[in-house]
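Engineer: What follows is a structure written as structure tokens; I'll ask about it next.
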Amino acid sequence: MMQNLHITFIQADLRWEDKAANFAHFSHLLGQVPAATDLVLLPETFTTAFPVSPKQFAEKEDGPTMQWLQNQAKAKNAVVCTTFPLEQNGHYYNSLVWMRPDGSHELYFKRHTFTMGGEDKLVERGESQLIVELNGWRIKPMVCYDIRFPVWARNRYKDGRYEYDLGFYLANFPDSRMNVWNTLLQARAIENQAYFVGVNRVGDDAHGLHYSGESQVVNARGEVIAKAEPYQEAMLHCTLDGESLLRFREKFPLGPDWDGFETCM
């Protein structure tokens, strides 16, 4: 049974290549997260901004960033999710971490590395999707540039069950492409009959890019139900109504009419 899901998402400025400053800043921000929160979402590459040299900034799974995430998840009694450069067996990834309060975690390696920004030269592409469960919800985490590829986000319907109920993107998405961001978040929600959340940063980076944030929650009808003010740091709390989603799917059941296919890797 899907309970209501209480999420908090943080739209913040990122200090360029300054882990200590970013840890301190987000520690302060997470100290303000409400106790009722089930899931906390932070922007992509929250310790360094994007992109950076993985050989200089990547850590392993037992490094300080994972320890910080464990401590924060335990303190908030909530799942905390973000990305950072991770090294695994000599390979580098833009790795999304789904950190649970008990210290267990899941990893998703960003599938679509941003070629126009040179990310493909720095880290490897991930090969696997991730579906996690929380309070009866099936959730699909993704990262930034993934938003442009609908096949990768494609929901599936089998034996009366949807593969996921909530999808989200953690991003460093510049303000020059906000029309894409806003349009595709709504499109992904509509075409997959699921809630979608986009969490973006604000501020400027070392490459002269500006970020307006516009972090938001979109319901399965494509309606924006919560959105942060642009160009400002913000913490938003939103309750996702599971019963409302189920009723909408029953009233307007797209799933049985979806085309069946397998994702080519």
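Chain labels run A, B, ... following the order of the structure tokens; each chain numbers its residues from 1, and ligands are numbered from 1 in the order shown.
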What lies within 10 Å of Glu17 of chain A using only C-alpha atoms, ignoring chain neighbours under 3 positions off, as a short mmCIF file (atom, residue, chain, number, x, y, z; two decimals) with N, CA, C and O atoms, in the first residue's frame?

Structural biologist:
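Below is the file around-v4.cif, written as the result:
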```
data_model
loop_
_atom_site.label_atom_id
_atom_site.label_comp_id
_atom_site.auth_asym_id
_atom_site.auth_seq_id
_atom_site.Cartn_x
_atom_site.Cartn_y
_atom_site.Cartn_z
N LEU A 14 26.29 25.97 -5.24
CA LEU A 14 27.39 25.04 -5.01
C LEU A 14 28.71 25.79 -5.10
O LEU A 14 28.93 26.54 -6.05
N ALA A 20 34.85 21.10 1.47
CA ALA A 20 34.63 21.51 2.86
C ALA A 20 33.51 22.54 2.97
O ALA A 20 32.64 22.44 3.85
N ALA A 21 33.52 23.52 2.07
CA ALA A 21 32.48 24.55 2.10
C ALA A 21 31.12 23.96 1.78
O ALA A 21 30.11 24.33 2.40
N ASN A 22 31.06 23.04 0.82
CA ASN A 22 29.77 22.44 0.47
C ASN A 22 29.25 21.52 1.57
O ASN A 22 28.06 21.52 1.87
N THR A 45 26.20 16.46 -8.11
CA THR A 45 27.58 16.80 -7.76
C THR A 45 27.64 17.89 -6.68
O THR A 45 28.26 18.93 -6.86
N PHE A 46 27.00 17.59 -5.56
CA PHE A 46 26.80 18.61 -4.53
C PHE A 46 28.09 19.01 -3.82
O PHE A 46 28.16 20.08 -3.21
N THR A 47 29.14 18.20 -3.89
CA THR A 47 30.37 18.55 -3.18
C THR A 47 31.31 19.43 -3.99
O THR A 47 32.21 20.06 -3.42
N THR A 48 31.13 19.49 -5.31
CA THR A 48 32.15 20.14 -6.16
C THR A 48 31.60 21.07 -7.23
O THR A 48 32.35 21.86 -7.79
N ALA A 49 30.32 20.98 -7.55
CA ALA A 49 29.73 21.54 -8.77
C ALA A 49 30.16 20.69 -9.96
O ALA A 49 30.77 19.64 -9.80
N PHE A 50 29.84 21.15 -11.19
CA PHE A 50 29.95 20.27 -12.37
C PHE A 50 30.54 21.01 -13.56
O PHE A 50 30.18 22.16 -13.80
N PRO A 51 31.42 20.33 -14.36
CA PRO A 51 32.07 19.05 -14.08
C PRO A 51 33.44 19.31 -13.46
O PRO A 51 33.98 20.41 -13.56
N VAL A 52 34.01 18.28 -12.83
CA VAL A 52 35.34 18.42 -12.25
C VAL A 52 36.16 17.18 -12.61
O VAL A 52 35.62 16.16 -13.04
N SER A 53 37.45 17.27 -12.40
CA SER A 53 38.34 16.15 -12.69
C SER A 53 38.11 15.03 -11.68
O SER A 53 38.33 15.23 -10.48
N GLN A 56 41.03 14.03 -9.40
CA GLN A 56 41.31 14.92 -8.28
C GLN A 56 40.26 14.82 -7.18
O GLN A 56 40.60 14.91 -5.99
N PHE A 57 39.00 14.59 -7.57
CA PHE A 57 37.92 14.71 -6.59
C PHE A 57 37.15 13.42 -6.30
O PHE A 57 36.36 13.37 -5.37
N ASP A 205 28.98 29.10 -12.01
CA ASP A 205 30.11 28.18 -11.89
C ASP A 205 31.36 28.79 -12.53
O ASP A 205 31.34 29.90 -13.07
N ALA A 206 32.45 28.04 -12.48
CA ALA A 206 33.73 28.55 -12.95
C ALA A 206 33.81 28.67 -14.46
O ALA A 206 34.73 29.29 -15.00
#
```

Engineer: What lies within 6 Å of segment 87-94 of chain A using only C-alpha atoms, ignoring chain neighbours under 3 positions off, as an mmCIF file with C-alpha atoms, in the first residue's frame?

Structural biologist:
```cif
data_model
loop_
_atom_site.group_PDB
_atom_site.id
_atom_site.type_symbol
_atom_site.label_atom_id
_atom_site.label_comp_id
_atom_site.auth_asym_id
_atom_site.auth_seq_id
_atom_site.Cartn_x
_atom_site.Cartn_y
_atom_site.Cartn_z
ATOM 1 C CA ALA A 58 36.581 11.162 -6.887
ATOM 2 C CA GLU A 59 36.236 9.057 -3.747
ATOM 3 C CA LYS A 60 35.574 5.408 -3.034
ATOM 4 C CA PHE A 84 29.271 12.903 -6.492
ATOM 5 C CA PHE A 109 25.789 5.613 -12.366
ATOM 6 C CA LYS A 110 24.633 8.421 -14.657
ATOM 7 C CA VAL A 123 33.631 9.655 -16.369
ATOM 8 C CA GLU A 124 32.144 6.478 -17.781
#
```

Engineer: Which residues are near Leu185 of chain A? Cut-off 10 Å, only C-alpha atoms, ignore same chain within fewer than 4 positions. Put them as an MDAnalysis selection string.

Structural biologist: chainID A and resid 147:148 167:169 180:181 189:190 195:198 216:219 222 224

Engineer: Would you pick out the contacts of segment 99-102 of chain A at 10 Å or less, using only C-alpha atoms, so that residues sharing its chain but fewer than 5 positions from it are not included, and give the list as a ChimeraX atom specification?

Structural biologist: /A:38-40,66,69-82,107,134

Engineer: Calculated over only C-alpha atoms, which of the candidates A:Ser95, A:Thr239, A:Asn200, A:Asn182 has the smallest distance to Leu41 of chain A?

Structural biologist: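 Selected residue with least distance to Leu41 of chain A: A:Asn200.
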
Engineer: I need the residues of segment 25-261 of chain A that end up classed as strand (DSSP E) by DSSP on the backbone, written out as a ChimeraX atom specification.

Structural biologist: /A:39-41,79-88,91-99,105-109,132-134,137-143,157-158,161-162,166-170,195-199,202-204,210-212,216-218,224-227,234-240

Engineer: I'd like the contact shell of Ala194 of chain A - 12 Å cut-off, only C-alpha atoms, skipping same-chain residues fewer than 6 positions apart - returned as an NGL selection string.

Structural biologist: :A and (137-140 or 153-157 or 162-168 or 185-188 or 217-223 or 240-242 or 244-246 or 248-249 or 253-255)

Engineer: Using only C-alpha atoms, can you tell me which of A:Asp159, A:Glu106, A:Glu214, A:Asp13 comes closest to Phe26 of chain A?

Structural biologist: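 Distance minimum relative to Phe26 of chain A lands on A:Asp13.
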
Engineer: Can you list every residue in segment 7-128 of chain A that DSSP puts in helix (DSSP H, G or I), as a CSV table (one decimal) with all heavy atoms, in the first residue's frame?

Structural biologist:
```csv
chain,number,residue,atom,x,y,z
A,19,LYS,N,35.0,21.1,-1.4
A,19,LYS,CA,34.2,20.1,-0.6
A,19,LYS,C,33.9,20.5,0.8
A,19,LYS,O,32.7,20.4,1.3
A,19,LYS,CB,35.0,18.7,-0.5
A,19,LYS,CG,35.0,17.9,-1.8
A,19,LYS,CD,35.7,16.6,-1.6
A,19,LYS,CE,35.8,15.8,-2.8
A,19,LYS,NZ,36.5,14.5,-2.5
A,20,ALA,N,34.8,21.1,1.5
A,20,ALA,CA,34.6,21.5,2.9
A,20,ALA,C,33.5,22.5,3.0
A,20,ALA,O,32.6,22.4,3.8
A,20,ALA,CB,35.9,22.1,3.4
A,21,ALA,N,33.5,23.5,2.1
A,21,ALA,CA,32.5,24.5,2.1
A,21,ALA,C,31.1,24.0,1.8
A,21,ALA,O,30.1,24.3,2.4
A,21,ALA,CB,32.8,25.7,1.1
A,22,ASN,N,31.1,23.0,0.8
A,22,ASN,CA,29.8,22.4,0.5
A,22,ASN,C,29.3,21.5,1.6
A,22,ASN,O,28.1,21.5,1.9
A,22,ASN,CB,29.9,21.7,-0.9
A,22,ASN,CG,30.0,22.6,-2.0
A,22,ASN,OD1,29.2,23.6,-2.2
A,22,ASN,ND2,31.0,22.4,-2.9
A,23,PHE,N,30.1,20.8,2.2
A,23,PHE,CA,29.7,20.0,3.3
A,23,PHE,C,29.1,20.8,4.4
A,23,PHE,O,28.1,20.5,5.0
A,23,PHE,CB,30.9,19.2,3.9
A,23,PHE,CG,31.2,17.9,3.2
A,23,PHE,CD1,32.6,17.5,3.0
A,23,PHE,CD2,30.3,17.1,2.7
A,23,PHE,CE1,32.9,16.4,2.3
A,23,PHE,CE2,30.6,15.9,2.0
A,23,PHE,CZ,31.9,15.6,1.8
A,24,ALA,N,29.8,21.9,4.8
A,24,ALA,CA,29.3,22.8,5.8
A,24,ALA,C,28.0,23.4,5.4
A,24,ALA,O,27.1,23.5,6.3
A,24,ALA,CB,30.4,23.9,6.1
A,25,HIS,N,27.9,23.9,4.2
A,25,HIS,CA,26.6,24.5,3.8
A,25,HIS,C,25.5,23.5,3.8
A,25,HIS,O,24.4,23.9,4.3
A,25,HIS,CB,26.8,25.1,2.3
A,25,HIS,CG,25.7,25.9,1.9
A,25,HIS,ND1,25.1,26.9,2.6
A,25,HIS,CD2,25.0,25.9,0.7
A,25,HIS,CE1,24.2,27.5,1.9
A,25,HIS,NE2,24.0,26.9,0.8
A,26,PHE,N,25.6,22.3,3.3
A,26,PHE,CA,24.5,21.4,3.2
A,26,PHE,C,24.3,20.8,4.6
A,26,PHE,O,23.1,20.4,4.9
A,26,PHE,CB,24.8,20.3,2.2
A,26,PHE,CG,24.5,20.7,0.8
A,26,PHE,CD1,25.5,21.2,0.0
A,26,PHE,CD2,23.2,20.7,0.4
A,26,PHE,CE1,25.1,21.6,-1.3
A,26,PHE,CE2,22.8,21.1,-0.9
A,26,PHE,CZ,23.8,21.5,-1.8
A,27,SER,N,25.3,20.7,5.5
A,27,SER,CA,25.0,20.3,6.9
A,27,SER,C,24.1,21.3,7.5
A,27,SER,O,23.1,20.9,8.3
A,27,SER,CB,26.3,20.2,7.6
A,27,SER,OG,27.1,19.2,7.2
A,28,HIS,N,24.3,22.6,7.3
A,28,HIS,CA,23.4,23.6,7.8
A,28,HIS,C,22.0,23.5,7.3
A,28,HIS,O,21.0,23.5,8.0
A,28,HIS,CB,24.0,25.0,7.5
A,28,HIS,CG,23.1,26.1,7.9
A,28,HIS,ND1,22.8,26.5,9.1
A,28,HIS,CD2,22.3,26.9,7.0
A,28,HIS,CE1,21.9,27.5,9.1
A,28,HIS,NE2,21.6,27.8,7.9
A,29,LEU,N,21.9,23.3,6.0
A,29,LEU,CA,20.6,23.2,5.3
A,29,LEU,C,19.8,22.0,5.8
A,29,LEU,O,18.6,22.0,6.1
A,29,LEU,CB,20.8,23.2,3.8
A,29,LEU,CG,21.3,24.5,3.2
A,29,LEU,CD1,21.6,24.3,1.7
A,29,LEU,CD2,20.2,25.6,3.3
A,30,LEU,N,20.5,20.8,5.9
A,30,LEU,CA,19.8,19.6,6.3
A,30,LEU,C,19.4,19.7,7.7
A,30,LEU,O,18.5,19.0,8.1
A,30,LEU,CB,20.7,18.4,6.0
A,30,LEU,CG,20.4,17.7,4.7
A,30,LEU,CD1,21.0,18.5,3.5
A,30,LEU,CD2,20.9,16.3,4.7
A,54,PRO,N,37.7,13.9,-12.1
A,54,PRO,CA,37.5,12.8,-11.2
A,54,PRO,C,38.8,12.3,-10.5
A,54,PRO,O,38.7,11.8,-9.4
A,54,PRO,CB,36.8,11.7,-12.0
A,54,PRO,CG,37.3,12.0,-13.4
A,54,PRO,CD,37.4,13.5,-13.5
A,55,LYS,N,39.9,12.4,-11.2
A,55,LYS,CA,41.1,11.9,-10.6
A,55,LYS,C,41.5,12.8,-9.4
A,55,LYS,O,42.2,12.4,-8.5
A,55,LYS,CB,42.2,11.9,-11.7
A,55,LYS,CG,42.0,10.9,-12.8
A,55,LYS,CD,43.2,10.8,-13.7
A,55,LYS,CE,43.0,9.8,-14.8
A,55,LYS,NZ,44.1,9.7,-15.7
A,56,GLN,N,41.0,14.0,-9.4
A,56,GLN,CA,41.3,14.9,-8.3
A,56,GLN,C,40.3,14.8,-7.2
A,56,GLN,O,40.6,14.9,-6.0
A,56,GLN,CB,41.4,16.4,-8.8
A,56,GLN,CG,41.7,17.4,-7.7
A,56,GLN,CD,41.8,18.8,-8.2
A,56,GLN,OE1,41.7,19.0,-9.4
A,56,GLN,NE2,42.0,19.8,-7.4
A,57,PHE,N,39.0,14.6,-7.6
A,57,PHE,CA,37.9,14.7,-6.6
A,57,PHE,C,37.2,13.4,-6.3
A,57,PHE,O,36.4,13.4,-5.4
A,57,PHE,CB,36.9,15.8,-7.0
A,57,PHE,CG,37.5,17.2,-7.0
A,57,PHE,CD1,38.0,17.8,-8.2
A,57,PHE,CD2,37.6,17.9,-5.8
A,57,PHE,CE1,38.5,19.0,-8.1
A,57,PHE,CE2,38.2,19.1,-5.8
A,57,PHE,CZ,38.6,19.7,-6.9
A,64,PRO,N,34.9,10.0,2.6
A,64,PRO,CA,34.2,11.0,3.5
A,64,PRO,C,32.8,11.4,3.0
A,64,PRO,O,31.9,11.7,3.8
A,64,PRO,CB,35.1,12.2,3.5
A,64,PRO,CG,36.0,12.0,2.3
A,64,PRO,CD,36.2,10.6,2.1
A,65,THR,N,32.6,11.4,1.7
A,65,THR,CA,31.2,11.8,1.2
A,65,THR,C,30.2,10.8,1.6
A,65,THR,O,29.1,11.1,2.1
A,65,THR,CB,31.2,12.1,-0.3
A,65,THR,OG1,32.1,13.2,-0.6
A,65,THR,CG2,29.8,12.4,-0.8
A,66,MET,N,30.5,9.5,1.4
A,66,MET,CA,29.6,8.5,1.8
A,66,MET,C,29.4,8.5,3.3
A,66,MET,O,28.2,8.3,3.8
A,66,MET,CB,30.1,7.1,1.3
A,66,MET,CG,30.1,6.9,-0.2
A,66,MET,SD,28.4,6.8,-0.8
A,66,MET,CE,28.0,5.1,-0.5
A,67,GLN,N,30.4,8.7,4.1
A,67,GLN,CA,30.2,8.8,5.5
A,67,GLN,C,29.3,10.0,5.9
A,67,GLN,O,28.5,9.8,6.8
A,67,GLN,CB,31.6,8.9,6.2
A,67,GLN,CG,31.6,8.9,7.7
A,67,GLN,CD,31.0,7.6,8.2
A,67,GLN,OE1,31.5,6.5,7.9
A,67,GLN,NE2,29.9,7.6,9.0
A,68,TRP,N,29.5,11.1,5.2
A,68,TRP,CA,28.7,12.3,5.5
A,68,TRP,C,27.2,11.9,5.2
A,68,TRP,O,26.3,12.3,6.0
A,68,TRP,CB,29.2,13.4,4.7
A,68,TRP,CG,28.4,14.7,4.9
A,68,TRP,CD1,28.7,15.7,5.9
A,68,TRP,CD2,27.3,15.2,4.2
A,68,TRP,NE1,27.8,16.7,5.8
A,68,TRP,CE2,26.9,16.5,4.8
A,68,TRP,CE3,26.5,14.7,3.2
A,68,TRP,CZ2,25.9,17.2,4.3
A,68,TRP,CZ3,25.4,15.5,2.7
A,68,TRP,CH2,25.1,16.7,3.3
A,69,LEU,N,27.0,11.3,4.1
A,69,LEU,CA,25.6,10.9,3.7
A,69,LEU,C,25.0,10.0,4.7
A,69,LEU,O,23.8,10.1,5.1
A,69,LEU,CB,25.6,10.3,2.3
A,69,LEU,CG,25.9,11.3,1.1
A,69,LEU,CD1,26.1,10.6,-0.2
A,69,LEU,CD2,24.7,12.3,1.0
A,70,GLN,N,25.8,9.0,5.2
A,70,GLN,CA,25.3,8.1,6.2
A,70,GLN,C,24.9,8.8,7.4
A,70,GLN,O,23.8,8.6,8.0
A,70,GLN,CB,26.4,7.0,6.5
A,70,GLN,CG,26.6,6.0,5.4
A,70,GLN,CD,27.8,5.1,5.8
A,70,GLN,OE1,28.3,5.2,6.9
A,70,GLN,NE2,28.2,4.2,4.9
A,71,ASN,N,25.7,9.7,7.9
A,71,ASN,CA,25.4,10.5,9.1
A,71,ASN,C,24.2,11.3,8.9
A,71,ASN,O,23.4,11.4,9.9
A,71,ASN,CB,26.6,11.4,9.5
A,71,ASN,CG,27.8,10.6,9.9
A,71,ASN,OD1,27.7,9.4,10.3
A,71,ASN,ND2,29.0,11.2,9.8
A,72,GLN,N,24.0,12.0,7.8
A,72,GLN,CA,22.9,12.8,7.5
A,72,GLN,C,21.6,12.0,7.5
A,72,GLN,O,20.5,12.4,8.0
A,72,GLN,CB,23.0,13.6,6.3
A,72,GLN,CG,24.1,14.7,6.3
A,72,GLN,CD,23.9,15.8,7.3
A,72,GLN,OE1,22.8,16.1,7.6
A,72,GLN,NE2,25.0,16.3,7.9
A,73,ALA,N,21.6,10.9,6.8
A,73,ALA,CA,20.4,10.0,6.7
A,73,ALA,C,20.0,9.5,8.0
A,73,ALA,O,18.8,9.4,8.4
A,73,ALA,CB,20.7,8.9,5.7
A,74,LYS,N,21.0,9.1,8.8
A,74,LYS,CA,20.7,8.6,10.2
A,74,LYS,C,20.1,9.7,11.0
A,74,LYS,O,19.1,9.5,11.8
A,74,LYS,CB,22.0,8.0,10.8
A,74,LYS,CG,21.7,7.4,12.2
A,74,LYS,CD,23.0,6.9,12.8
A,74,LYS,CE,22.8,6.3,14.2
A,74,LYS,NZ,24.1,5.7,14.7
A,75,ALA,N,20.7,10.9,11.0
A,75,ALA,CA,20.2,12.0,11.8
A,75,ALA,C,18.8,12.4,11.4
A,75,ALA,O,18.0,12.8,12.3
A,75,ALA,CB,21.2,13.2,11.7
A,76,LYS,N,18.5,12.4,10.2
A,76,LYS,CA,17.2,12.8,9.7
A,76,LYS,C,16.2,11.7,9.7
A,76,LYS,O,15.0,11.9,9.5
A,76,LYS,CB,17.3,13.5,8.3
A,76,LYS,CG,18.2,14.6,8.2
A,76,LYS,CD,18.1,15.7,9.3
A,76,LYS,CE,16.7,16.3,9.4
A,76,LYS,NZ,16.6,17.3,10.4
A,115,THR,N,28.0,15.1,-23.2
A,115,THR,CA,29.1,15.2,-24.2
A,115,THR,C,29.5,16.6,-24.5
A,115,THR,O,30.7,16.9,-24.7
A,115,THR,CB,28.8,14.4,-25.4
A,115,THR,OG1,27.5,14.9,-25.9
A,115,THR,CG2,28.6,12.9,-25.2
A,116,MET,N,28.5,17.5,-24.6
A,116,MET,CA,28.8,18.9,-25.0
A,116,MET,C,29.6,19.6,-23.9
A,116,MET,O,30.2,20.6,-24.2
A,116,MET,CB,27.5,19.6,-25.3
A,116,MET,CG,26.9,19.3,-26.6
A,116,MET,SD,26.1,17.7,-26.7
A,116,MET,CE,24.5,18.1,-26.0
A,117,GLY,N,29.5,19.1,-22.7
A,117,GLY,CA,30.3,19.7,-21.6
A,117,GLY,C,31.5,18.9,-21.3
A,117,GLY,O,32.3,19.3,-20.3
A,119,GLU,N,31.8,15.9,-20.2
A,119,GLU,CA,31.7,14.9,-19.1
A,119,GLU,C,32.1,13.5,-19.6
A,119,GLU,O,32.6,12.7,-18.8
A,119,GLU,CB,30.3,14.9,-18.5
A,119,GLU,CG,30.2,14.0,-17.3
A,119,GLU,CD,28.8,13.9,-16.7
A,119,GLU,OE1,27.8,14.2,-17.5
A,119,GLU,OE2,28.6,13.6,-15.5
A,120,ASP,N,31.8,13.2,-20.8
A,120,ASP,CA,32.1,11.8,-21.4
A,120,ASP,C,33.6,11.5,-21.4
A,120,ASP,O,34.0,10.4,-21.4
A,120,ASP,CB,31.5,11.7,-22.8
A,120,ASP,CG,32.0,12.7,-23.8
A,120,ASP,OD1,32.2,13.8,-23.4
A,120,ASP,OD2,32.3,12.3,-24.9
A,121,LYS,N,34.4,12.6,-21.4
A,121,LYS,CA,35.8,12.4,-21.3
A,121,LYS,C,36.3,12.2,-19.9
A,121,LYS,O,37.5,11.8,-19.7
A,121,LYS,CB,36.5,13.6,-22.0
A,121,LYS,CG,36.1,13.9,-23.4
A,121,LYS,CD,36.5,12.8,-24.4
A,121,LYS,CE,36.3,13.3,-25.8
A,121,LYS,NZ,34.9,13.7,-26.1
```

Engineer: Which residue, A:Gly208, A:Pro141, A:Gly260, A:Pro43, has the smallest gap to Asn172 of chain A when you use only C-alpha atoms?

Structural biologist: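 Of A:Gly208, A:Pro141, A:Gly260, A:Pro43, the one nearest Asn172 of chain A, counting only C-alpha atoms, is A:Pro43.
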